[in-house]
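File shown here: query-v1.txt, holding compact mmCIF, C-alpha atoms and all ligand atoms.
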# COMPACT_ATOMS: atom_id res chain seq x y z
CA MET A 1 0.00 0.00 0.00
CA ASN A 2 1.41 3.44 -0.84
CA VAL A 3 0.86 6.32 1.52
CA THR A 4 1.46 9.89 0.45
CA ILE A 5 1.73 12.64 3.06
CA CYS A 6 1.81 16.36 2.24
CA ILE A 7 3.10 18.72 4.94
CA LYS A 8 2.63 22.44 4.48
CA LEU A 9 5.54 24.42 5.85
CA ASN A 10 7.00 27.39 4.02
CA GLN A 11 6.99 25.21 0.95
CA PRO A 12 4.98 22.05 0.27
CA ILE A 13 6.97 18.89 0.87
CA LEU A 14 5.80 15.59 -0.52
CA PHE A 15 6.85 12.31 1.05
CA THR A 16 5.86 9.08 -0.55
CA PHE A 17 6.60 5.88 1.30
CA ALA A 18 5.18 2.45 1.48
CA THR A 19 3.63 0.69 4.43
CA TYR A 20 4.03 -2.99 4.05
CA MET A 21 1.32 -5.42 5.01
CA LYS A 22 0.90 -9.08 5.58
CA VAL A 23 -0.62 -11.31 2.92
CA THR A 24 -3.42 -12.18 5.33
CA GLU A 25 -4.17 -8.49 5.91
CA TYR A 26 -4.37 -7.88 2.14
CA LEU A 27 -6.72 -10.80 1.77
CA ALA A 28 -8.92 -9.70 4.65
CA GLN A 29 -9.17 -6.12 3.35
CA ALA A 30 -9.50 -6.89 -0.38
CA LYS A 31 -12.56 -5.42 -2.07
CA LYS A 32 -11.65 -6.84 -5.48
CA PRO A 33 -9.52 -9.76 -6.68
CA ILE A 34 -5.86 -9.57 -5.72
CA ILE A 35 -3.05 -10.25 -8.15
CA SER A 36 0.14 -11.98 -7.03
CA LEU A 37 3.18 -12.67 -9.22
CA GLU A 38 6.22 -14.90 -8.97
CA VAL A 39 9.66 -14.26 -10.44
CA LEU A 40 12.91 -16.20 -10.58
CA PRO A 41 16.29 -14.61 -9.79
CA PRO A 42 18.35 -14.24 -12.99
CA PRO A 43 21.22 -16.67 -13.54
CA LYS A 44 24.43 -15.60 -11.79
CA GLY A 45 26.27 -13.06 -13.95
CA LYS A 46 23.08 -11.53 -15.38
CA SER A 47 21.62 -8.21 -14.29
CA ILE A 48 18.41 -7.58 -12.38
CA GLU A 49 17.00 -5.93 -15.53
CA SER A 50 15.28 -9.19 -16.53
CA ILE A 51 13.19 -8.95 -13.34
CA TYR A 52 12.25 -5.34 -14.11
CA LYS A 53 11.46 -6.28 -17.72
CA THR A 54 9.08 -8.95 -16.43
CA LEU A 55 7.46 -6.78 -13.78
CA ASP A 56 7.31 -3.31 -15.41
CA PRO A 57 4.36 -4.06 -17.73
CA LEU A 58 2.56 -6.19 -15.12
CA MET A 59 2.54 -3.30 -12.62
CA GLU A 60 -0.39 -1.91 -14.66
CA PHE A 61 -2.52 -4.50 -12.82
CA LYS A 62 -1.35 -3.37 -9.37
CA PRO A 63 -0.18 -6.70 -7.98
CA SER A 64 -0.24 -6.84 -4.19
CA PHE A 65 2.70 -9.19 -3.84
CA VAL A 66 5.64 -10.47 -5.83
CA ASN A 67 7.14 -13.77 -4.75
CA VAL A 68 10.82 -14.37 -5.41
CA THR A 69 11.90 -18.01 -5.63
CA TYR A 70 14.96 -19.48 -3.92
CA HIS A 71 17.38 -21.85 -5.62
CA ARG A 72 19.64 -24.11 -3.67
CA ALA A 73 23.29 -24.61 -4.53
CA GLU A 74 24.09 -27.48 -6.87
CA GLN A 75 27.07 -29.81 -7.15
CA VAL A 76 28.62 -29.55 -10.60
CA TYR A 77 31.75 -31.04 -12.10
CA LYS A 78 34.36 -28.52 -13.25
CA LYS A 79 37.30 -29.45 -15.43
CA ARG A 80 40.70 -28.74 -13.88
CA LYS A 81 43.69 -27.60 -15.96
CA ASP A 82 45.16 -31.13 -15.83
CA GLY A 83 42.02 -32.54 -17.45
CA THR A 84 40.62 -34.12 -14.29
CA PHE A 85 37.31 -33.03 -12.80
CA GLU A 86 36.43 -31.66 -9.41
CA SER A 87 33.03 -31.41 -7.81
CA VAL A 88 32.18 -27.85 -6.79
CA GLU A 89 29.10 -26.28 -5.26
CA ILE A 90 27.55 -23.47 -7.30
CA ARG A 91 24.48 -21.37 -6.60
CA LYS A 92 23.26 -20.64 -10.10
CA ARG A 93 20.53 -18.15 -9.18
CA PRO A 94 21.59 -16.18 -6.12
CA GLY A 95 20.08 -12.86 -5.06
CA THR A 96 16.62 -13.62 -3.66
CA VAL A 97 16.93 -11.27 -0.67
CA GLY A 98 18.47 -8.45 -2.72
CA ILE A 99 15.79 -8.81 -5.39
CA CYS A 100 13.08 -8.57 -2.72
CA ALA A 101 14.60 -5.33 -1.42
CA ALA A 102 14.90 -3.98 -4.98
CA ILE A 103 11.28 -4.84 -5.80
CA MET A 104 9.95 -3.26 -2.60
CA GLY A 105 12.01 -0.13 -3.24
CA LYS A 106 11.17 0.23 -6.93
CA TYR A 107 7.53 -0.78 -7.06
CA LYS A 108 6.39 -0.28 -3.45
CA VAL A 109 4.77 -3.69 -3.42
CA GLU A 110 5.14 -6.53 -0.99
CA ALA A 111 7.99 -8.88 -1.95
CA ILE A 112 7.77 -12.41 -0.59
CA PRO A 113 11.01 -14.37 -0.48
CA HIS A 114 10.84 -18.14 -0.64
CA LEU A 115 12.88 -19.79 2.10
CA ILE A 116 13.98 -23.39 1.73
CA CYS A 117 15.35 -25.95 4.17
CA GLY A 118 17.60 -27.65 1.57
CA GLY A 119 21.26 -26.75 1.97
CA PHE A 120 20.80 -24.51 5.01
CA SER A 121 21.64 -24.89 8.68
CA LYS A 122 19.18 -23.48 11.21
CA GLU A 123 21.65 -20.74 12.02
CA GLU A 124 21.97 -19.67 8.37
CA THR A 125 18.19 -19.61 8.18
CA GLU A 126 17.98 -17.51 11.33
CA ASN A 127 20.51 -15.03 9.91
CA ALA A 128 18.53 -14.79 6.67
CA LEU A 129 15.35 -14.11 8.68
CA ILE A 130 17.16 -11.38 10.62
CA ASP A 131 18.25 -9.76 7.32
CA LEU A 132 14.69 -9.94 5.99
CA ASN A 133 13.29 -8.47 9.18
CA PHE A 134 15.75 -5.57 9.01
CA LEU A 135 14.72 -4.97 5.39
CA GLY A 136 11.07 -4.68 6.41
CA VAL A 137 10.00 -7.90 4.68
CA GLN A 138 6.79 -9.03 6.39
CA ASN A 139 5.94 -12.20 4.50
CA VAL A 140 7.87 -15.38 3.71
CA LEU A 141 6.97 -18.62 1.96
CA ALA A 142 8.44 -21.52 3.97
CA LEU A 143 9.36 -24.57 1.88
CA ARG A 144 11.36 -27.71 2.16
CA GLY A 145 12.90 -27.48 -1.31
CA ASP A 146 13.65 -30.40 -3.60
CA ALA A 147 16.47 -32.90 -3.56
CA ALA A 148 19.85 -31.59 -4.66
CA SER A 149 20.66 -32.28 -8.32
CA ASN A 150 23.15 -35.01 -7.32
CA GLU A 151 20.75 -36.74 -4.93
CA LYS A 152 17.73 -38.95 -5.52
CA PHE A 153 15.87 -37.97 -2.35
CA PHE A 154 15.83 -34.86 -0.25
CA VAL A 155 18.64 -34.98 2.30
CA PRO A 156 18.49 -32.29 4.97
CA HIS A 157 21.51 -30.22 5.97
CA PRO A 158 23.08 -31.94 9.03
CA LYS A 159 22.19 -28.88 11.12
CA GLY A 160 19.08 -27.95 9.18
CA HIS A 161 15.44 -28.93 8.78
CA LYS A 162 13.94 -32.10 7.29
CA TYR A 163 10.47 -30.77 6.51
CA ALA A 164 8.88 -27.40 5.84
CA GLU A 165 6.98 -27.75 9.13
CA ASP A 166 10.31 -27.56 10.99
CA LEU A 167 11.14 -24.33 9.18
CA VAL A 168 7.68 -22.98 10.03
CA GLY A 169 8.41 -23.87 13.66
CA GLN A 170 11.69 -21.93 13.58
CA ILE A 171 10.00 -18.82 12.15
CA ILE A 172 7.25 -19.04 14.77
CA GLU A 173 9.89 -19.17 17.49
CA LEU A 174 11.63 -16.10 16.06
CA ASN A 175 8.26 -14.35 15.94
CA LYS A 176 8.21 -14.92 19.71
CA GLY A 177 11.75 -13.53 20.08
CA LYS A 178 13.31 -16.96 20.62
CA TYR A 179 16.68 -17.29 18.87
CA ILE A 180 18.75 -20.44 18.45
CA GLU A 181 21.35 -19.31 20.98
CA ASP A 182 19.63 -19.62 24.34
CA ASP A 183 21.83 -16.90 25.84
CA ILE A 184 19.89 -14.29 23.84
CA ILE A 185 17.38 -13.13 26.43
CA ASN A 186 14.57 -10.71 25.58
CA GLY A 187 15.43 -11.06 21.89
CA THR A 188 13.59 -8.77 19.50
CA ASN A 189 10.70 -10.67 18.01
CA THR A 190 10.02 -10.77 14.28
CA ASP A 191 6.48 -10.68 12.94
CA PHE A 192 6.53 -12.73 9.76
CA CYS A 193 3.36 -13.82 8.03
CA ILE A 194 4.13 -17.37 6.91
CA GLY A 195 2.95 -18.99 3.71
CA VAL A 196 3.38 -22.69 2.95
CA ALA A 197 2.99 -24.84 -0.16
CA GLY A 198 -0.09 -26.96 -0.88
CA TYR A 199 -0.61 -29.47 -3.67
CA PRO A 200 -4.12 -29.88 -5.15
CA GLU A 201 -2.93 -33.04 -6.92
CA LYS A 202 -0.74 -34.09 -3.92
CA HIS A 203 3.00 -33.72 -3.51
CA PHE A 204 4.82 -36.27 -5.64
CA GLU A 205 6.32 -38.05 -2.61
CA ALA A 206 3.08 -38.31 -0.65
CA PRO A 207 1.38 -41.73 -0.74
CA ASN A 208 -2.01 -40.07 -1.23
CA LEU A 209 -3.75 -36.70 -0.94
CA ASP A 210 -5.13 -37.40 2.55
CA VAL A 211 -1.67 -38.05 3.97
CA ASP A 212 -0.35 -34.93 2.23
CA LEU A 213 -3.23 -32.90 3.72
CA TYR A 214 -2.45 -34.32 7.16
CA TYR A 215 1.05 -32.82 6.91
CA LEU A 216 -0.31 -29.60 5.40
CA LYS A 217 -2.60 -29.27 8.43
CA ARG A 218 0.37 -29.71 10.74
CA LYS A 219 2.07 -26.72 9.08
CA ILE A 220 -1.06 -24.60 9.54
CA ASP A 221 -1.67 -25.81 13.11
CA LEU A 222 1.91 -24.87 13.96
CA GLY A 223 1.15 -21.31 12.93
CA ALA A 224 1.53 -20.92 9.15
CA ASP A 225 -0.92 -18.27 7.91
CA TYR A 226 -1.78 -19.15 4.33
CA ILE A 227 -1.24 -21.66 1.55
CA THR A 228 -0.05 -21.09 -2.02
CA THR A 229 -0.74 -24.01 -4.31
CA GLN A 230 1.27 -25.80 -6.87
CA MET A 231 0.13 -25.01 -10.40
CA PHE A 232 -2.88 -26.87 -11.77
CA PHE A 233 -4.57 -26.81 -15.17
CA ASN A 234 -7.91 -28.25 -14.18
CA ASN A 235 -9.79 -26.06 -11.69
CA LYS A 236 -11.67 -29.07 -10.37
CA HIS A 237 -8.48 -30.13 -8.57
CA PHE A 238 -8.35 -26.75 -6.82
CA TYR A 239 -12.01 -26.81 -5.80
CA ASP A 240 -11.77 -30.40 -4.53
CA PHE A 241 -8.57 -29.56 -2.65
CA SER A 242 -10.14 -26.47 -1.05
CA GLU A 243 -13.15 -28.54 0.01
CA LYS A 244 -10.98 -31.33 1.45
CA CYS A 245 -8.92 -28.74 3.33
CA LYS A 246 -12.11 -27.40 4.90
CA GLN A 247 -13.21 -30.93 5.84
CA GLN A 248 -9.87 -31.52 7.56
CA GLY A 249 -10.13 -28.26 9.48
CA ILE A 250 -7.61 -26.33 7.39
CA ASN A 251 -9.15 -22.88 7.32
CA ALA A 252 -6.18 -20.78 6.19
CA PRO A 253 -6.59 -18.81 2.92
CA ILE A 254 -5.58 -20.79 -0.16
CA ILE A 255 -3.97 -18.93 -3.05
CA PRO A 256 -4.26 -20.74 -6.40
CA GLY A 257 -1.00 -21.02 -8.36
CA LEU A 258 -1.46 -20.54 -12.13
CA LYS A 259 0.91 -20.88 -15.03
CA PRO A 260 0.50 -20.54 -18.77
CA LEU A 261 1.78 -23.38 -20.92
CA TYR A 262 3.40 -22.19 -24.12
CA ASN A 263 5.10 -25.06 -25.92
CA HIS A 264 4.79 -28.75 -26.79
CA ASN A 265 7.69 -29.75 -24.58
CA GLN A 266 5.85 -28.71 -21.43
CA LEU A 267 3.12 -31.28 -22.10
CA SER A 268 5.45 -33.97 -20.75
CA VAL A 269 7.90 -31.91 -18.67
CA VAL A 270 5.33 -30.12 -16.48
CA PRO A 271 3.47 -33.28 -15.31
CA ARG A 272 6.80 -34.97 -14.57
CA ILE A 273 8.32 -32.09 -12.58
CA PHE A 274 5.21 -30.69 -10.89
CA ASN A 275 3.01 -33.80 -10.64
CA THR A 276 0.14 -32.02 -12.39
CA GLU A 277 -2.38 -33.39 -14.84
CA ILE A 278 -2.68 -31.79 -18.28
CA PRO A 279 -6.34 -32.03 -19.31
CA THR A 280 -6.92 -33.81 -22.62
CA ASP A 281 -8.47 -30.74 -24.29
CA LEU A 282 -5.45 -28.60 -23.42
CA PHE A 283 -3.11 -31.37 -24.57
CA LYS A 284 -4.91 -31.72 -27.93
CA GLU A 285 -5.16 -27.97 -28.55
CA MET A 286 -1.47 -27.52 -27.81
CA GLN A 287 -0.49 -30.43 -30.04
CA ASN A 288 -2.55 -28.98 -32.89
CA ALA A 289 -0.84 -25.60 -32.57
CA LYS A 290 1.87 -25.47 -35.21
CA THR A 291 3.77 -22.26 -34.49
CA PRO A 292 5.25 -20.79 -31.28
CA GLU A 293 2.66 -17.98 -31.48
CA ALA A 294 -0.19 -20.47 -31.83
CA CYS A 295 1.12 -22.44 -28.82
CA GLU A 296 1.25 -19.28 -26.70
CA LYS A 297 -2.31 -18.43 -27.73
CA VAL A 298 -3.50 -21.88 -26.62
CA GLY A 299 -1.81 -21.38 -23.24
CA GLU A 300 -3.19 -17.86 -22.92
CA ASP A 301 -6.76 -18.88 -23.74
CA TRP A 302 -6.62 -21.82 -21.31
CA LEU A 303 -5.26 -19.67 -18.50
CA TYR A 304 -7.84 -16.96 -19.22
CA GLU A 305 -10.70 -19.47 -18.95
CA GLN A 306 -9.22 -20.92 -15.75
CA CYS A 307 -8.96 -17.44 -14.19
CA LYS A 308 -12.46 -16.44 -15.29
CA ASP A 309 -13.88 -19.59 -13.74
CA LEU A 310 -11.94 -19.06 -10.49
CA LEU A 311 -13.15 -15.47 -10.24
CA ASN A 312 -16.72 -16.55 -10.99
CA ASN A 313 -16.37 -18.95 -8.07
CA ASN A 314 -15.34 -16.07 -5.79
CA VAL A 315 -11.67 -16.98 -5.49
CA PRO A 316 -10.28 -13.66 -4.18
CA VAL A 317 -6.67 -13.94 -5.36
CA LEU A 318 -4.76 -15.24 -8.38
CA HIS A 319 -1.05 -16.11 -8.17
CA PHE A 320 0.79 -16.25 -11.49
CA TYR A 321 4.00 -18.14 -12.08
CA THR A 322 5.29 -15.56 -14.55
CA LEU A 323 8.42 -17.60 -15.25
CA GLY A 324 9.40 -17.42 -18.87
CA LYS A 325 6.43 -15.75 -20.54
CA PRO A 326 5.27 -12.65 -18.67
CA HIS A 327 3.55 -11.26 -21.78
CA VAL A 328 1.15 -14.22 -21.79
CA VAL A 329 0.21 -13.39 -18.18
CA TYR A 330 -0.08 -9.74 -19.27
CA ASN A 331 -2.52 -10.65 -22.06
CA VAL A 332 -4.62 -12.74 -19.68
CA LEU A 333 -4.79 -9.93 -17.10
CA LYS A 334 -5.66 -7.41 -19.82
CA ARG A 335 -8.59 -9.58 -20.87
CA LEU A 336 -9.72 -10.15 -17.28
CA PHE A 337 -9.54 -6.61 -15.87
P1 LIG A 401 6.95 -30.37 2.98
O1 LIG A 401 5.76 -29.67 3.47
O2 LIG A 401 8.05 -30.66 3.94
O3 LIG A 401 6.45 -31.74 2.31
C1 LIG A 401 7.35 -32.57 1.56
C2 LIG A 401 6.82 -34.00 1.55
O4 LIG A 401 6.96 -34.59 2.83
C3 LIG A 401 5.32 -34.13 1.22
O5 LIG A 401 5.15 -35.32 0.51
C4 LIG A 401 4.65 -34.21 2.59
O6 LIG A 401 3.43 -34.93 2.53
C5 LIG A 401 5.70 -34.93 3.41
N1 LIG A 401 5.80 -34.50 4.79
C6 LIG A 401 5.67 -33.23 5.27
N2 LIG A 401 5.90 -33.21 6.59
C7 LIG A 401 6.19 -34.49 6.96
C8 LIG A 401 6.53 -35.11 8.20
N3 LIG A 401 6.61 -34.43 9.34
N4 LIG A 401 6.78 -36.45 8.22
C9 LIG A 401 6.69 -37.18 7.08
N5 LIG A 401 6.36 -36.64 5.88
C10 LIG A 401 6.13 -35.30 5.82
N6 LIG A 401 11.31 -25.14 -4.39
C11 LIG A 401 12.47 -24.43 -4.34
O7 LIG A 401 13.55 -25.03 -4.27
N7 LIG A 401 12.47 -23.05 -4.38
C12 LIG A 401 11.32 -22.34 -4.44
O8 LIG A 401 11.38 -21.10 -4.49
C13 LIG A 401 10.09 -23.05 -4.49
N8 LIG A 401 8.90 -22.38 -4.54
C14 LIG A 401 7.72 -23.08 -4.48
C15 LIG A 401 6.51 -22.37 -4.44
C16 LIG A 401 5.29 -23.06 -4.38
C17 LIG A 401 4.00 -22.28 -4.30
C18 LIG A 401 5.28 -24.48 -4.39
C19 LIG A 401 3.99 -25.23 -4.36
C20 LIG A 401 6.48 -25.19 -4.43
C21 LIG A 401 7.71 -24.51 -4.47
N9 LIG A 401 8.94 -25.17 -4.48
C22 LIG A 401 10.13 -24.47 -4.45
C23 LIG A 401 8.98 -26.64 -4.56
C24 LIG A 401 9.03 -27.31 -3.16
O9 LIG A 401 10.21 -26.97 -2.50
C25 LIG A 401 8.95 -28.82 -3.39
O10 LIG A 401 7.70 -29.17 -3.88
C26 LIG A 401 9.36 -29.71 -2.24
O11 LIG A 401 9.56 -31.01 -2.76
C27 LIG A 401 8.36 -29.80 -1.10
O12 LIG A 401 8.30 -28.63 -0.40
P2 LIG A 401 7.19 -28.44 0.77
O13 LIG A 401 7.48 -27.16 1.40
O14 LIG A 401 5.85 -28.71 0.23
O15 LIG A 401 7.64 -29.64 1.74
Here is a file; write its structure as structure tokens.
Amino acid sequence: MNVTICIKLNQPILFTFATYMKVTEYLAQAKKPIISLEVLPPPKGKSIESIYKTLDPLMEFKPSFVNVTYHRAEQVYKKRKDGTFESVEIRKRPGTVGICAAIMGKYKVEAIPHLICGGFSKEETENALIDLNFLGVQNVLALRGDAASNEKFFVPHPKGHKYAEDLVGQIIELNKGKYIEDDIINGTNTDFCIGVAGYPEKHFEAPNLDVDLYYLKRKIDLGADYITTQMFFNNKHFYDFSEKCKQQGINAPIIPGLKPLYNHNQLSVVPRIFNTEIPTDLFKEMQNAKTPEACEKVGEDWLYEQCKDLLNNNVPVLHFYTLGKPHVVYNVLKRLF
């Protein structure tokens, strides 16, 4: 929210600053649908301009929040001068915290950093939370993260967290002023609003949706404030998921995650990576599209219909994974609002 104050002294002075709010406060106060966006830090070595290029046009739709993803370090093999290889750890997309600060400064919107357990000790996480608190970041999305690229299953950092619920627990403790070192007495408390991930078609590791919802409920019962979902292309999954959440006593707001498809490749890649169904009609329409432009139009039209249906069903917020094709999201928003 932007607040402008004019003070009349000898000359008029104009201050414009932003007051930042929690996601839950935005949702509670919203009088019309809220737009939320998600961006990816640029690859190391590239400038932040790609983020601005994505966001500049989308600001026309006054998004309330912009999520910034987090990418864990990866083990890669680098060739030494003698021809042998060494394994080195590289973070290919650093900069999440800095990008959040830049977005809040430039656009005066809420930036929501994603925090992951993978690769981090509890102390590193605590230090990151302290940085975010000092920057005025009020919202975080607490995630476990996926397995490292050289591992088959998720392996927690030896001094870190195994599940997102443990990370939620740490943030809750910090919100009470409890730091890892017990000799910090009367520690300043943070006040983070905590989002967690939910999976309308279940998380790929979960044996079934009910078990996944059981663990989702634990995150909410611990104190997480809202849920952002994995992408889905069939709204029925979202409605069923929302209903099942209610039945299980999960009453936190649920933000639907939406992404446009825009090429043939995604028809097999997206279900494999994100465990999401591609409806047959979408699959057929995409396969019949013969040019890149035609593929984008199929994705745009599908996303537009999904959004229209969600809004007609009184879903108060739409979260767009803008990754890759922000202009498709732009076209959808232009048609919707
Ligand atoms: P958890 O909630 O820990 O769940 C992981 C699995 O373990 C599930 O199958 C769950 O059912 C099970 N489980 C949970 N708790 C327990 C328990 N106590 N005991 C036994 N089983 C349990 N990844 C990134 O690396 N960076 C990002 O920026 C990022 N952003 C995302 C944003 C959204 C909106 C979503 C939906 C996902 C995002 N991801 C991101 C992917 C996410 O990290 C992966 O899906 C990851 O595999 C699971 O994360 P989680 O927070 O859902 O984990």
Mind listing whatever residues come within 12 Å of the point (33.9, -30.9, -7.6)? Use all atoms listed in the file, file coordinates, and give them as an mmCIF file with C-alpha atoms, in the coordinates of the input.
data_model
loop_
_atom_site.group_PDB
_atom_site.id
_atom_site.type_symbol
_atom_site.label_atom_id
_atom_site.label_comp_id
_atom_site.auth_asym_id
_atom_site.auth_seq_id
_atom_site.Cartn_x
_atom_site.Cartn_y
_atom_site.Cartn_z
ATOM 1 C CA GLU A 74 24.090 -27.480 -6.870
ATOM 2 C CA GLN A 75 27.070 -29.810 -7.150
ATOM 3 C CA VAL A 76 28.620 -29.550 -10.600
ATOM 4 C CA TYR A 77 31.750 -31.040 -12.100
ATOM 5 C CA LYS A 78 34.360 -28.520 -13.250
ATOM 6 C CA LYS A 79 37.300 -29.450 -15.430
ATOM 7 C CA ARG A 80 40.700 -28.740 -13.880
ATOM 8 C CA THR A 84 40.620 -34.120 -14.290
ATOM 9 C CA PHE A 85 37.310 -33.030 -12.800
ATOM 10 C CA GLU A 86 36.430 -31.660 -9.410
ATOM 11 C CA SER A 87 33.030 -31.410 -7.810
ATOM 12 C CA VAL A 88 32.180 -27.850 -6.790
ATOM 13 C CA GLU A 89 29.100 -26.280 -5.260
ATOM 14 C CA ILE A 90 27.550 -23.470 -7.300
ATOM 15 C CA ASN A 150 23.150 -35.010 -7.320
#
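Take atom CA of Leu216 of chain A and atom CA of Glu173 of chain A: the distance between them is 18.9 Å.
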Please extract the residues at most 6 Å from ligand LIG 401 (chain A), counting only C-alpha atoms and all ligand atoms, and provide them as an MDAnalysis selection string, using the chain letters and residue numbers of this document.
chainID A and resid 69:71 114 143:146 163:164 197:198 203 205:206 212 215 228:230
Closest of A:Glu293, A:Glu38, A:Asp183, A:Glu243 to Leu318 of chain A - atom-to-atom distances counting only C-alpha atoms
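The closest residue to Leu318 of chain A is A:Glu38.
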Determine the nearest neighbour of Leu261 of chain A from the options A:Met104, A:Val211, A:Leu323, A:Cys245, counting only C-alpha atoms.
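Of the candidates, the smallest distance to Leu261 of chain A is held by A:Leu323.
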So which residues touch Lys284 of chain A within 12 Å, counting all atoms listed in the file, skipping near sequence neighbours fewer than 2 positions away, as a PyMOL selection string?
chain A and resi 264+267+278-282+286-290+295+298-299
Which distance in Å separates atom CA of Asp240 of chain A and atom CA of Lys259 of chain A, to one decimal?
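Atom CA of Lys259 of chain A lies at a distance of 19.0 Å from atom CA of Asp240 of chain A.
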Please indicate the distance in Å from atom CA of Thr125 of chain A to atom CA of Gln170 of chain A, rounded to one decimal place.
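According to the coordinates, atom CA of Thr125 of chain A and atom CA of Gln170 of chain A are separated by 8.8 Å.
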Which is closer to Pro256 of chain A than all the others in A:Lys236, A:Lys162, A:Arg218, A:Lys108, using all atoms listed in the file?
A:Lys236
Choose the residue, out of A:Ile273, A:Ala102, A:Ile255, A:Ile172, that has the smallest atom-to-atom separation from Ala224 of chain A; count all atoms listed in the file.
A:Ile172
Counting all atoms listed in the file, what is within 10 Å of Ile220 of chain A, bar same-chain residues fewer than 3 positions away, as number ranges by chain?
A: 165, 168, 194-196, 215-217, 223-227, 249-252
Of A:Leu129, A:Ile184, A:Ala28, A:Val317, the one nearest to Pro63 of chain A when counting only C-alpha atoms is A:Val317
